[in-house]
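Student: Okay, here's the structure, questions in a sec.
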Number of protein chains: 4
Amino acid sequence: MPQIDLNCDAGESYGDWKMGDDAAMFKLVSSVNIACGGHAGDIRTMADSIQLAVENELGIGAHPSFEDKANFGRRRHAMSPVEIERMVAYQVGGLAAIAALQGAKLDHVKAHGALSNLASVEKEVADAIARATRAISPDLILLAVAGTQLQSAGERANLKTIAEGFADRSYDATGQLTPRSQPGAVIHDATLAAQHCVDMATGRGLPRKDGGFVACEVQSICVHGDTPGAVAITTACRQALESTGFEVTSFASKLD
Amino acid sequence: MPQIDLNCDAGESYGDWKMGDDAAMFKLVSSVNIACGGHAGDIRTMADSIQLAVENELGIGAHPSFEDKANFGRRRHAMSPVEIERMVAYQVGGLAAIAALQGAKLDHVKAHGALSNLASVEKEVADAIARATRAISPDLILLAVAGTQLQSAGERANLKTIAEGFADRSYDATGQLTPRSQPGAVIHDATLAAQHCVDMATGRGLPRKDGGFVACEVQSICVHGDTPGAVAITTACRQALESTGFEVTSFASKLD
Amino acid sequence: MPQIDLNCDAGESYGDWKMGDDAAMFKLVSSVNIACGGHAGDIRTMADSIQLAVENELGIGAHPSFEDKANFGRRRHAMSPVEIERMVAYQVGGLAAIAALQGAKLDHVKAHGALSNLASVEKEVADAIARATRAISPDLILLAVAGTQLQSAGERANLKTIAEGFADRSYDATGQLTPRSQPGAVIHDATLAAQHCVDMATGRGLPRKDGGFVACEVQSICVHGDTPGAVAITTACRQALESTGFEVTSFASKLD
Amino acid sequence: MPQIDLNCDAGESYGDWKMGDDAAMFKLVSSVNIACGGHAGDIRTMADSIQLAVENELGIGAHPSFEDKANFGRRRHAMSPVEIERMVAYQVGGLAAIAALQGAKLDHVKAHGALSNLASVEKEVADAIARATRAISPDLILLAVAGTQLQSAGERANLKTIAEGFADRSYDATGQLTPRSQPGAVIHDATLAAQHCVDMATGRGLPRKDGGFVACEVQSICVHGDTPGAVAITTACRQALESTGFEVTSFASKLD
């Protein structure tokens, strides 16, 4: 039975401020990327999110970010690659320790927001994130946007590297995400998002905004938990994948 | 040849703000307790301090604290034991990851400031710190003020636990540190501090303010790096210990 | 026509994290207490909240707090009165400047959370808040929980001081708020909350949990915007007050 | 008797971390730019610095910055002009309130570090700072690097605007500061710095690195308090100005 991973960002609350419906999403996805104090996540949210992931037997990832809660990690900071390497190491190491308190272990690392965007295109930043990940453990998996510098960096660093596509985003002719500022960049229709999942999982490639596909192998599909209709879209995605004959399961579980 | 450890707090700068003369102190002590972002320490200071410790072949410790740079970790925060456990885990895990980037490994954990004071007297807080330490690695050593709840908690948690005395502080009749507000609490005289080191290392015990000793076994002696005359006092302490026949060496090195 | 003020806390979002339904609440109350960066509130939220208050012609207050977004200002910090005085001044001064950018002016100051609780019972803290308020402008009004040290401090400082009661909380026999840990402390029933408003506005006093009233004059009634049913409760409160013949209007508007 | 102002940055400590020798510098300059919590400055440091300025009868300025203590405000942040306007207003308003607690009043505003560099060349940022300054009080003076967009913005906003030159920096042929990365950018020689002061005060203009002057009128000269030899250099500058017949006095004092 072919396998595919569904991942979503998680643990993005902060104190009394809540973000997303983790309880519902954790029942639908197979891997979660947990904020580790950079753009979101206090120590309680981190611990609770790890616990919830353990209970749902999900792959557990760290989701490091520029340190900028006020902007939710969405803005690029002027940092050198070595600074980014240390920042990522500190955040992932911190979350790994909280996971250890829950008797859990991190499976993967995925960069958030502006840090992810930067690591997609800048080789030195991508290598910095791969180095930080590998320093913490060579068993950590790097989850990277398909076709980016970060994917290449993970492979260069001899990390198990997983390429992800997005269920609810469209791509341009070169396989880049359509900018959010353009119409049709973000998909709000559950049926269309589900079809994209099947297209990516079955190897058709990344769905282009203008129709057709960009050839690309994807082992994980990212869904978003913090948008209106997120739970409905993710439900549709999971059902479509299962109907097509896929087992939705974490890439991490394959290692055991 | 009998052995004794000299430890000092280190890496307590923050960005452009410098604290202490780490370059000089690292040549005199055998173990350092490196701030990990709670009361001091940015990612660059952490990495540089780890590097300097490696170059000087010192025992490397994490020095977690209440998160409060504005008060240098000197004030108690209203946190539950489980919150303290997570906070300590996050900070120590973060520093451990930065150490890994430098090819180094943490040897020990020592609580800072108000957190140390609290863990000295509150069993639940002491246990929380021991649990956080053990979760990161059962090989980590807990460095605790001699005779405190934290020392007991480390032993209960089956952590290698090292008891420390202070070269430049005096004790009361029960082995408690004389409060800083009292005259004679802090020792500024290098000769007297050096004598205290020899007293503690040779097993006479903790030097009482009013003369005499409180029986206590001490495997490490803490000197302070951020006071006027710190380098001169530490030089005198080391010389006195070596003249008395001690090898000044980290408790951590004994494990290898 | 007799007048009464309805106030609610506002501007308690932080970046992408939203709290409460300010758009709905601002149409129901006559005064708002806007977070000024201590427990909540980034510069955009502050400016937007001021703007919304101006558009709805509301009394505009600053809502200073211990600096602790992770705990929403709900925990007491170990600060001296002079430190609290400076902290409050800084936050209120900062919000006043953002109000000036919107062409607006602060009308009042109301302490938040743990700071309010502390100022209710500790005279020195209450005086510190009154001093900070007066230093910014002697025209600022102090909004204080009825019968507290803060109310007395405001009067001592010759500030116009407004006493508030709570629509959705019950009181004990001495006029203290029933602790939230006790059943019946928080009122979720809109009809009961509305009745409390009328009781307080008409001078019956503070509604005791066990029935009856504690004599107390109240010029403003606080409703909460961040609880489930907040909008429904506040709507009921306003309607009941207006049916009883009150004009719901800010205490500040009376000064013009 | 002709007058000239000597200004220096001040209040740049943070908690236990000290920066510069304010006690010495405040006896030599006529105006100080006090950090207001962006790049440096906690509430105690702010209050103490205001107090010291009052005792020395100095012009008192706010020194707003990008919020970035870890990098001392030296890095550009990705913020829009309206965000910068609000950030500056909040910081200056906060410091103004702490000044009010000391019975003092702010005289001027001067941007720090990366914010100053940005406001020197970007008109929209310069206008944002001028608007924030004016919103707090139209009586506030804007202290701007001579010949920059910020100077123009201050004049456009009808703020009293003071142009400053640097005693310890050299200029290129167009009147721009020589980048610090180039040799000769920073002047460590007290005699040369003092000569520059006289050159600027007497109207010769800004001293070019390659000799000669760029014509420019300067009403204030900035000296740095946080460099080695700062006190000696400033002493030399003041003596040279006084020997040449200048009264060293704040531009603010002229308003009274």
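How things are named: the first chain in the structure tokens is A, the next is B, and so on; residues count from 1 in each chain; ligands count from 1 in the order shown.
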Based on the backbone DSSP call, show me all residues of segment 117-246 of chain B assigned strand (DSSP E or B), as JSON, numbers by chain.

Tutor: {"B": [141, 142, 143, 144, 145, 161, 162, 163, 164, 165, 166, 169, 171, 177, 186, 206, 207, 208, 213, 214, 220, 221, 222, 223]}

Student: May I have the residues from that selection written out with C-alpha atoms, as a PDB file, in the first residue's frame?

Tutor:
```pdb
ATOM      1  CA  ILE B 141      26.017  15.981  36.301  1.00  0.00           C
ATOM      2  CA  LEU B 142      24.062  18.204  38.676  1.00  0.00           C
ATOM      3  CA  LEU B 143      26.212  20.817  40.391  1.00  0.00           C
ATOM      4  CA  ALA B 144      24.397  21.901  43.552  1.00  0.00           C
ATOM      5  CA  VAL B 145      25.143  24.088  46.537  1.00  0.00           C
ATOM      6  CA  THR B 161      25.635  15.118  41.928  1.00  0.00           C
ATOM      7  CA  ILE B 162      28.509  17.393  42.911  1.00  0.00           C
ATOM      8  CA  ALA B 163      28.365  19.572  46.028  1.00  0.00           C
ATOM      9  CA  GLU B 164      29.916  23.003  45.804  1.00  0.00           C
ATOM     10  CA  GLY B 165      31.133  25.505  48.363  1.00  0.00           C
ATOM     11  CA  PHE B 166      31.870  29.182  47.811  1.00  0.00           C
ATOM     12  CA  ARG B 169      31.223  33.697  50.876  1.00  0.00           C
ATOM     13  CA  TYR B 171      28.448  30.512  56.185  1.00  0.00           C
ATOM     14  CA  LEU B 177      25.250  31.235  53.209  1.00  0.00           C
ATOM     15  CA  VAL B 186      31.175  38.394  50.832  1.00  0.00           C
ATOM     16  CA  LEU B 206      32.409  25.227  55.230  1.00  0.00           C
ATOM     17  CA  PRO B 207      34.050  28.248  56.893  1.00  0.00           C
ATOM     18  CA  ARG B 208      31.716  29.892  59.389  1.00  0.00           C
ATOM     19  CA  PHE B 213      33.604  25.049  60.299  1.00  0.00           C
ATOM     20  CA  VAL B 214      30.386  23.327  59.371  1.00  0.00           C
ATOM     21  CA  SER B 220      33.793  21.797  43.678  1.00  0.00           C
ATOM     22  CA  ILE B 221      34.483  25.364  44.743  1.00  0.00           C
ATOM     23  CA  CYS B 222      32.706  28.276  43.119  1.00  0.00           C
ATOM     24  CA  VAL B 223      34.534  31.515  42.454  1.00  0.00           C
TER      25      VAL B 223
END
```

Student: Produce the least-squares-superposed copy of chain B, fitted on chain C over all in-order C-alpha pairs, as a JSON list (two decimals) with C-alpha atoms, in the first residue's frame.

Tutor:
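As written to disk, out.json reads:
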```json
[["chain", "number", "residue", "atom", "x", "y", "z"],
["B", 1, "MET", "CA", -31.22, 61.78, 32.97],
["B", 2, "PRO", "CA", -28.85, 59.78, 35.22],
["B", 3, "GLN", "CA", -25.66, 58.57, 33.67],
["B", 4, "ILE", "CA", -23.57, 55.44, 34.02],
["B", 5, "ASP", "CA", -20.44, 54.23, 32.29],
["B", 6, "LEU", "CA", -19.93, 50.74, 30.87],
["B", 7, "ASN", "CA", -16.25, 49.89, 30.42],
["B", 8, "CYS", "CA", -14.44, 46.92, 28.96],
["B", 9, "ASP", "CA", -10.85, 45.87, 28.44],
["B", 10, "ALA", "CA", -9.81, 46.14, 24.81],
["B", 11, "GLY", "CA", -6.90, 45.97, 22.41],
["B", 12, "GLU", "CA", -5.82, 42.69, 23.98],
["B", 13, "SER", "CA", -4.71, 41.04, 20.77],
["B", 14, "TYR", "CA", -1.03, 40.57, 19.95],
["B", 15, "GLY", "CA", 0.12, 40.38, 16.37],
["B", 16, "ASP", "CA", -1.78, 37.63, 14.60],
["B", 17, "TRP", "CA", -3.29, 36.40, 17.85],
["B", 18, "LYS", "CA", -6.73, 37.83, 18.42],
["B", 19, "MET", "CA", -8.55, 38.26, 21.73],
["B", 20, "GLY", "CA", -12.14, 39.34, 22.17],
["B", 21, "ASP", "CA", -14.56, 40.89, 19.69],
["B", 22, "ASP", "CA", -13.62, 44.56, 19.96],
["B", 23, "ALA", "CA", -15.66, 45.57, 16.93],
["B", 24, "ALA", "CA", -18.87, 44.35, 18.61],
["B", 25, "MET", "CA", -17.99, 45.43, 22.15],
["B", 26, "PHE", "CA", -17.04, 48.97, 21.12],
["B", 27, "LYS", "CA", -20.65, 49.46, 19.98],
["B", 28, "LEU", "CA", -22.00, 48.52, 23.41],
["B", 29, "VAL", "CA", -19.72, 50.14, 25.99],
["B", 30, "SER", "CA", -18.95, 53.79, 26.68],
["B", 31, "SER", "CA", -15.29, 53.44, 27.78],
["B", 32, "VAL", "CA", -12.47, 51.11, 26.83],
["B", 33, "ASN", "CA", -9.27, 50.18, 28.66],
["B", 34, "ILE", "CA", -6.64, 49.60, 25.98],
["B", 35, "ALA", "CA", -3.69, 47.29, 26.59],
["B", 36, "CYS", "CA", -0.45, 49.22, 26.26],
["B", 37, "GLY", "CA", 2.17, 46.56, 25.64],
["B", 38, "GLY", "CA", 2.42, 45.04, 29.10],
["B", 39, "HIS", "CA", 0.13, 42.01, 29.02],
["B", 40, "ALA", "CA", -1.03, 42.48, 25.42],
["B", 41, "GLY", "CA", -1.03, 44.98, 22.62],
["B", 42, "ASP", "CA", 1.49, 45.60, 19.87],
["B", 43, "ILE", "CA", 1.84, 49.02, 18.24],
["B", 44, "ARG", "CA", -0.62, 48.18, 15.48],
["B", 45, "THR", "CA", -3.25, 46.83, 17.86],
["B", 46, "MET", "CA", -2.82, 49.91, 20.05],
["B", 47, "ALA", "CA", -3.25, 52.30, 17.13],
["B", 48, "ASP", "CA", -6.21, 50.38, 15.69],
["B", 49, "SER", "CA", -7.91, 50.22, 19.07],
["B", 50, "ILE", "CA", -7.50, 53.95, 19.65],
["B", 51, "GLN", "CA", -8.91, 54.58, 16.18],
["B", 52, "LEU", "CA", -11.91, 52.35, 16.81],
["B", 53, "ALA", "CA", -12.54, 54.10, 20.13],
["B", 54, "VAL", "CA", -12.44, 57.47, 18.42],
["B", 55, "GLU", "CA", -14.90, 56.34, 15.77],
["B", 56, "ASN", "CA", -17.28, 55.09, 18.45],
["B", 57, "GLU", "CA", -16.79, 58.22, 20.56],
["B", 58, "LEU", "CA", -15.73, 56.22, 23.61],
["B", 59, "GLY", "CA", -13.75, 57.19, 26.66],
["B", 60, "ILE", "CA", -10.19, 56.03, 26.05],
["B", 61, "GLY", "CA", -8.15, 54.50, 28.83],
["B", 62, "ALA", "CA", -4.72, 52.97, 29.18],
["B", 63, "HIS", "CA", -4.62, 49.51, 30.74],
["B", 64, "PRO", "CA", -1.11, 49.04, 32.14],
["B", 65, "SER", "CA", 0.09, 45.69, 33.47],
["B", 66, "PHE", "CA", 3.08, 43.75, 34.65],
["B", 67, "GLU", "CA", 5.13, 43.05, 31.54],
["B", 68, "ASP", "CA", 4.24, 39.45, 30.94],
["B", 69, "LYS", "CA", 2.51, 38.55, 27.69],
["B", 70, "ALA", "CA", 3.09, 34.84, 28.22],
["B", 71, "ASN", "CA", 0.89, 34.98, 31.33],
["B", 72, "PHE", "CA", -1.39, 37.81, 30.12],
["B", 73, "GLY", "CA", -0.39, 39.94, 33.10],
["B", 74, "ARG", "CA", -2.09, 37.55, 35.50],
["B", 75, "ARG", "CA", 0.91, 36.89, 37.75],
["B", 76, "ARG", "CA", 2.39, 39.15, 40.36],
["B", 77, "HIS", "CA", 5.96, 40.22, 39.69],
["B", 78, "ALA", "CA", 8.45, 41.04, 42.43],
["B", 79, "MET", "CA", 8.71, 44.79, 41.84],
["B", 80, "SER", "CA", 9.05, 47.67, 44.26],
["B", 81, "PRO", "CA", 6.51, 50.51, 44.22],
["B", 82, "VAL", "CA", 8.98, 52.82, 42.51],
["B", 83, "GLU", "CA", 9.58, 50.23, 39.81],
["B", 84, "ILE", "CA", 5.84, 49.85, 39.33],
["B", 85, "GLU", "CA", 5.48, 53.61, 39.14],
["B", 86, "ARG", "CA", 8.03, 53.79, 36.33],
["B", 87, "MET", "CA", 6.64, 50.77, 34.51],
["B", 88, "VAL", "CA", 3.13, 52.20, 34.55],
["B", 89, "ALA", "CA", 4.39, 55.61, 33.45],
["B", 90, "TYR", "CA", 6.31, 54.11, 30.54],
["B", 91, "GLN", "CA", 3.36, 52.07, 29.28],
["B", 92, "VAL", "CA", 0.78, 54.80, 29.68],
["B", 93, "GLY", "CA", 3.14, 57.37, 28.16],
["B", 94, "GLY", "CA", 3.75, 55.07, 25.22],
["B", 95, "LEU", "CA", 0.04, 54.58, 24.57],
["B", 96, "ALA", "CA", -0.62, 58.30, 25.02],
["B", 97, "ALA", "CA", 1.87, 58.99, 22.24],
["B", 98, "ILE", "CA", 0.21, 56.50, 19.92],
["B", 99, "ALA", "CA", -3.12, 58.11, 20.75],
["B", 100, "ALA", "CA", -1.64, 61.49, 19.83],
["B", 101, "LEU", "CA", -0.71, 60.08, 16.42],
["B", 102, "GLN", "CA", -4.40, 59.28, 15.91],
["B", 103, "GLY", "CA", -5.38, 62.76, 17.04],
["B", 104, "ALA", "CA", -6.76, 61.33, 20.26],
["B", 105, "LYS", "CA", -6.11, 61.82, 23.94],
["B", 106, "LEU", "CA", -6.24, 59.38, 26.85],
["B", 107, "ASP", "CA", -9.07, 59.96, 29.31],
["B", 108, "HIS", "CA", -8.26, 57.45, 32.00],
["B", 109, "VAL", "CA", -5.97, 54.77, 33.40],
["B", 110, "LYS", "CA", -7.07, 51.39, 34.75],
["B", 111, "ALA", "CA", -4.67, 48.74, 36.07],
["B", 112, "HIS", "CA", -4.83, 45.22, 34.66],
["B", 113, "GLY", "CA", -4.83, 41.76, 36.18],
["B", 114, "ALA", "CA", -2.29, 41.02, 38.88],
["B", 115, "LEU", "CA", -1.27, 44.67, 39.01],
["B", 116, "SER", "CA", -4.87, 45.66, 39.69],
["B", 117, "ASN", "CA", -5.21, 43.00, 42.37],
["B", 118, "LEU", "CA", -2.05, 44.20, 44.05],
["B", 119, "ALA", "CA", -3.04, 47.86, 43.84],
["B", 120, "SER", "CA", -6.38, 46.98, 45.39],
["B", 121, "VAL", "CA", -4.78, 45.92, 48.65],
["B", 122, "GLU", "CA", -1.30, 47.48, 48.86],
["B", 123, "LYS", "CA", -1.32, 51.16, 49.60],
["B", 124, "GLU", "CA", 2.21, 51.78, 48.33],
["B", 125, "VAL", "CA", 1.51, 50.16, 44.99],
["B", 126, "ALA", "CA", -1.76, 52.06, 44.70],
["B", 127, "ASP", "CA", 0.02, 55.33, 45.39],
["B", 128, "ALA", "CA", 2.68, 54.44, 42.80],
["B", 129, "ILE", "CA", 0.03, 54.00, 40.12],
["B", 130, "ALA", "CA", -1.67, 57.24, 41.11],
["B", 131, "ARG", "CA", 1.65, 59.10, 40.95],
["B", 132, "ALA", "CA", 2.48, 57.68, 37.54],
["B", 133, "THR", "CA", -0.95, 58.66, 36.28],
["B", 134, "ARG", "CA", -0.77, 62.17, 37.66],
["B", 135, "ALA", "CA", 2.76, 62.71, 36.32],
["B", 136, "ILE", "CA", 1.56, 62.09, 32.78],
["B", 137, "SER", "CA", -1.36, 64.47, 33.21],
["B", 138, "PRO", "CA", -3.34, 65.72, 36.20],
["B", 139, "ASP", "CA", -6.37, 65.58, 33.90],
["B", 140, "LEU", "CA", -6.20, 61.80, 33.61],
["B", 141, "ILE", "CA", -8.96, 59.96, 35.46],
["B", 142, "LEU", "CA", -8.14, 56.92, 37.58],
["B", 143, "LEU", "CA", -10.61, 54.08, 37.14],
["B", 144, "ALA", "CA", -10.37, 51.86, 40.22],
["B", 145, "VAL", "CA", -12.22, 48.88, 41.61],
["B", 146, "ALA", "CA", -14.74, 50.29, 44.12],
["B", 147, "GLY", "CA", -13.59, 50.25, 47.71],
["B", 148, "THR", "CA", -9.94, 49.47, 47.06],
["B", 149, "GLN", "CA", -6.66, 51.05, 48.04],
["B", 150, "LEU", "CA", -6.37, 52.24, 44.45],
["B", 151, "GLN", "CA", -9.56, 54.25, 44.75],
["B", 152, "SER", "CA", -8.23, 55.88, 47.92],
["B", 153, "ALA", "CA", -4.84, 56.53, 46.30],
["B", 154, "GLY", "CA", -6.47, 58.28, 43.37],
["B", 155, "GLU", "CA", -8.44, 60.52, 45.70],
["B", 156, "ARG", "CA", -5.33, 61.24, 47.78],
["B", 157, "ALA", "CA", -3.49, 62.24, 44.61],
["B", 158, "ASN", "CA", -6.28, 64.63, 43.70],
["B", 159, "LEU", "CA", -7.07, 62.69, 40.58],
["B", 160, "LYS", "CA", -10.65, 62.46, 39.43],
["B", 161, "THR", "CA", -11.28, 58.88, 40.56],
["B", 162, "ILE", "CA", -14.08, 56.66, 39.29],
["B", 163, "ALA", "CA", -15.21, 53.57, 41.20],
["B", 164, "GLU", "CA", -16.20, 50.55, 39.17],
["B", 165, "GLY", "CA", -18.24, 47.45, 39.89],
["B", 166, "PHE", "CA", -18.34, 44.24, 37.88],
["B", 167, "ALA", "CA", -21.43, 43.14, 35.97],
["B", 168, "ASP", "CA", -20.37, 39.52, 35.81],
["B", 169, "ARG", "CA", -18.80, 38.93, 39.21],
["B", 170, "SER", "CA", -20.27, 38.42, 42.64],
["B", 171, "TYR", "CA", -19.05, 39.93, 45.91],
["B", 172, "ASP", "CA", -18.64, 38.68, 49.43],
["B", 173, "ALA", "CA", -20.10, 40.30, 52.52],
["B", 174, "THR", "CA", -17.21, 42.79, 52.75],
["B", 175, "GLY", "CA", -17.40, 43.95, 49.16],
["B", 176, "GLN", "CA", -14.46, 41.85, 47.95],
["B", 177, "LEU", "CA", -14.80, 39.97, 44.69],
["B", 178, "THR", "CA", -15.57, 36.29, 45.25],
["B", 179, "PRO", "CA", -12.45, 34.39, 44.16],
["B", 180, "ARG", "CA", -12.79, 32.86, 40.70],
["B", 181, "SER", "CA", -12.08, 29.45, 42.21],
["B", 182, "GLN", "CA", -15.44, 29.50, 44.01],
["B", 183, "PRO", "CA", -18.76, 28.57, 42.43],
["B", 184, "GLY", "CA", -20.87, 31.60, 41.60],
["B", 185, "ALA", "CA", -17.88, 33.90, 41.35],
["B", 186, "VAL", "CA", -18.35, 34.52, 37.64],
["B", 187, "ILE", "CA", -21.79, 35.17, 36.24],
["B", 188, "HIS", "CA", -22.55, 33.69, 32.85],
["B", 189, "ASP", "CA", -26.24, 34.51, 32.85],
["B", 190, "ALA", "CA", -27.01, 37.66, 30.88],
["B", 191, "THR", "CA", -30.20, 38.44, 32.78],
["B", 192, "LEU", "CA", -28.45, 38.21, 36.12],
["B", 193, "ALA", "CA", -25.54, 40.34, 34.95],
["B", 194, "ALA", "CA", -27.98, 42.94, 33.63],
["B", 195, "GLN", "CA", -29.79, 42.97, 36.97],
["B", 196, "HIS", "CA", -26.44, 43.53, 38.72],
["B", 197, "CYS", "CA", -25.82, 46.52, 36.48],
["B", 198, "VAL", "CA", -29.14, 48.05, 37.44],
["B", 199, "ASP", "CA", -28.52, 47.28, 41.11],
["B", 200, "MET", "CA", -25.16, 49.03, 41.02],
["B", 201, "ALA", "CA", -26.27, 51.96, 38.86],
["B", 202, "THR", "CA", -29.31, 52.69, 40.99],
["B", 203, "GLY", "CA", -27.26, 52.69, 44.15],
["B", 204, "ARG", "CA", -28.42, 49.44, 45.73],
["B", 205, "GLY", "CA", -24.75, 48.49, 45.93],
["B", 206, "LEU", "CA", -22.55, 45.55, 45.05],
["B", 207, "PRO", "CA", -24.52, 42.30, 44.67],
["B", 208, "ARG", "CA", -23.47, 39.73, 47.25],
["B", 209, "LYS", "CA", -23.12, 36.12, 46.27],
["B", 210, "ASP", "CA", -25.40, 35.12, 49.10],
["B", 211, "GLY", "CA", -28.01, 37.74, 48.22],
["B", 212, "GLY", "CA", -28.31, 41.28, 49.46],
["B", 213, "PHE", "CA", -25.96, 44.14, 48.74],
["B", 214, "VAL", "CA", -22.83, 45.80, 50.02],
["B", 215, "ALA", "CA", -23.40, 49.56, 50.10],
["B", 216, "CYS", "CA", -21.11, 51.13, 47.53],
["B", 217, "GLU", "CA", -21.31, 53.95, 45.03],
["B", 218, "VAL", "CA", -20.29, 52.97, 41.53],
["B", 219, "GLN", "CA", -19.89, 55.29, 38.54],
["B", 220, "SER", "CA", -18.74, 52.71, 36.03],
["B", 221, "ILE", "CA", -19.55, 49.06, 35.41],
["B", 222, "CYS", "CA", -16.99, 46.72, 33.93],
["B", 223, "VAL", "CA", -18.03, 44.05, 31.47],
["B", 224, "HIS", "CA", -15.63, 41.49, 30.01],
["B", 225, "GLY", "CA", -15.06, 41.18, 26.29],
["B", 226, "ASP", "CA", -13.04, 37.99, 26.19],
["B", 227, "THR", "CA", -15.48, 35.50, 27.70],
["B", 228, "PRO", "CA", -17.96, 33.30, 25.81],
["B", 229, "GLY", "CA", -21.21, 35.17, 25.50],
["B", 230, "ALA", "CA", -19.54, 38.51, 26.23],
["B", 231, "VAL", "CA", -21.43, 40.36, 23.51],
["B", 232, "ALA", "CA", -24.79, 38.91, 24.55],
["B", 233, "ILE", "CA", -24.19, 39.74, 28.23],
["B", 234, "THR", "CA", -23.07, 43.27, 27.43],
["B", 235, "THR", "CA", -26.06, 43.82, 25.17],
["B", 236, "ALA", "CA", -28.36, 42.76, 28.00],
["B", 237, "CYS", "CA", -26.55, 45.02, 30.46],
["B", 238, "ARG", "CA", -26.82, 48.05, 28.24],
["B", 239, "GLN", "CA", -30.49, 47.45, 27.45],
["B", 240, "ALA", "CA", -31.34, 46.99, 31.12],
["B", 241, "LEU", "CA", -29.58, 50.20, 32.07],
["B", 242, "GLU", "CA", -31.26, 52.16, 29.31],
["B", 243, "SER", "CA", -34.70, 50.71, 30.13],
["B", 244, "THR", "CA", -34.17, 51.79, 33.71],
["B", 245, "GLY", "CA", -33.61, 55.33, 32.48],
["B", 246, "PHE", "CA", -29.83, 55.59, 32.40],
["B", 247, "GLU", "CA", -27.77, 57.19, 29.70],
["B", 248, "VAL", "CA", -24.77, 54.95, 29.10],
["B", 249, "THR", "CA", -21.97, 57.41, 28.60],
["B", 250, "SER", "CA", -18.33, 57.76, 29.54],
["B", 251, "PHE", "CA", -17.38, 59.48, 32.77],
["B", 252, "ALA", "CA", -14.79, 61.23, 30.67],
["B", 253, "SER", "CA", -17.31, 62.90, 28.41],
["B", 254, "LYS", "CA", -18.70, 64.72, 31.42],
["B", 255, "LEU", "CA", -15.55, 66.76, 31.65],
["B", 256, "ASP", "CA", -15.82, 68.34, 28.23]]
```

Student: As a VMD selection string, please: every residue in segment 57-189 of chain C that a backbone DSSP assignment puts in alpha helix (DSSP H).

Tutor: chain C and resid 81 to 101 113 to 121 123 to 136 149 to 156
